[in-house]
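Structure, as structure tokens:
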Number of protein chains: 2
Amino acid sequence: MSIEKGNIKDKLQKFSDHWNPKIIGELNGQHVKLSKFKGEFIWHKHDNEDELFLVISGSFVMELRDKNIELKEGDFIIIPKGTEHRPVAAEEVHVLLFEPANTVNTGDQTSDLTKQELEKI
Amino acid sequence: MSIEKGNIKDKLQKFSDHWNPKIIGELNGQHVKLSKFKGEFIWHKHDNEDELFLVISGSFVMELRDKNIELKEGDFIIIPKGTEHRPVAAEEVHVLLFEPANTVNTGDQTSDLTKQELEKI
């Protein structure tokens with residue numbers, strides 16, 4: 001397999017849909033993903049996966065049951081497994097995710113927002 | 001454990017040494033690290049760990065045995081386990097790393113550059 005570089009901004013230009021993470025890399029059984037958030041997601045948790053969110057541009061609020069955390073460009077947060085959370089973005093925000101390859105976006109919940117098969121870009 | 005956010009640029013201001021990665025997060029047995037590169041590292045490989053490099057600012061060249069790849073801001077590359085590589089930075093560059101928590105920076109090589117105990121910032 002030939003080793004090639006990728007570019008975050010180039011990858012972000014390849015899609016426009018919200019709440020539908022795209023896979024941009026895989027290593028050690030983990031996926032690196034990009035997603036665009038806008039609006040309110042659903043409350044959910046991941047029973048077995050910790051999840052990292054890193055803001056590439058824009059801002060959003062990570063709602064937790066005991067507090068809300070606003071994340072701006074360059075901010076990151078790790079949501080430990082089992083922790084209920086809900087991302088809410090008043091305006092579109094671009095986010096890098098790092099999580100195990102089997103992670104489902106809506107965790108323990110199933111809804112119209114659930115994406116089972118993610119596109120690799 | 002209380003969940004707190006971090007900021008990449010704030011973390012980068014906490015250290016100035018080169019080739020000495022700092023741990024900024026841990027999830028799923030993986031570490032998220034920041035490092036500042038300047039100059040030439042050594043040729044090495046990681047026998048069991050894939051390694052991701054994402055350029056936060058600046059640029060560097062990832063030398064592989066069959067080609068060199070220049071990485072600029074926003075560029076990322078995954079070096080698969082077993083692949084010899086050597087990062088070279090003409091000027092200081094700030095890099096985010098994702099890799100398993102047990103990854104040693106010089107891989108299968110031991111040198112003055114080897115860091116066994118990484119600081120968490």
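Chain labels follow the order of the structure tokens: the first chain is A, the next B, and so on; residue numbering restarts at 1 in every chain, and ligands are counted from 1 in their shown order.
Near chain A, the residues of chain B that fall inside 6 Å (using only C-alpha atoms) are Lys5, Gly6, Asn7, Ile8, Leu27, Asn28, Asp50, Gly74, Asp75, Phe76 and Ile77 of chain B.
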> Could you name the residues that touch Gln116 (chain A) at 12 Å or less, counting only C-alpha atoms, but leaving out those on the same chain fewer than 5 positions away, as a VMD selection string?
Replying inline: chain A and resid 20 to 22 101 to 107 110 to 111
Let me see the file: selected residues, C-alpha atoms, as a compact mmCIF listing (two decimals), in the first residue's frame.
```
# COMPACT_ATOMS: atom_id res chain seq x y z
CA ASN A 20 -22.76 12.07 8.70
CA PRO A 21 -19.10 11.43 9.61
CA LYS A 22 -16.66 10.51 6.83
CA ALA A 101 -13.52 1.75 14.06
CA ASN A 102 -16.77 0.14 15.19
CA THR A 103 -18.23 3.28 16.77
CA VAL A 104 -21.82 4.10 15.72
CA ASN A 105 -22.56 7.82 15.68
CA THR A 106 -25.72 7.58 17.79
CA GLY A 107 -24.19 5.11 20.25
CA THR A 110 -31.16 4.36 17.00
CA SER A 111 -32.79 7.19 15.09
```
>> Report as number ranges by chain all protein, DNA and RNA residues lying within 6 Å of region 37-39 of chain A, evaluated on only C-alpha atoms, omitting residues in the same chain fewer than 4 positions from it.
In response: A: 18-19, 88-93
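The residue that comes closest to Ser35 (chain B), out of B:Val95, B:Phe15, B:Ile121, B:Gly58 and on the basis of only C-alpha atoms, is B:Val95.
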> Would you give me, as JSON, numbers by chain, the residues in chain A that DSSP reads as strand (DSSP E or B)?
Replying inline: {"A": [6, 7, 22, 23, 24, 25, 26, 27, 30, 31, 32, 33, 34, 35, 36, 37, 38, 39, 40, 44, 51, 52, 53, 54, 55, 56, 57, 60, 61, 62, 63, 64, 68, 69, 70, 71, 75, 76, 77, 78, 79, 85, 86, 87, 88, 89, 90, 91, 92, 93, 94, 95, 96, 97, 98, 99, 100, 120]}
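For the choices B:Ser59, B:Asp47, B:Arg65, B:Leu97, the atom-to-atom distance to Gln109 (chain B) is smallest for B:Asp47 when using only C-alpha atoms.
Here CA of Glu63 (chain B) stands at a distance of 20.1 Å from CA of Asp112 (chain B).
Counting from CA of Glu84 (chain B), the distance to CA of Lys33 (chain B) is 20.3 Å.
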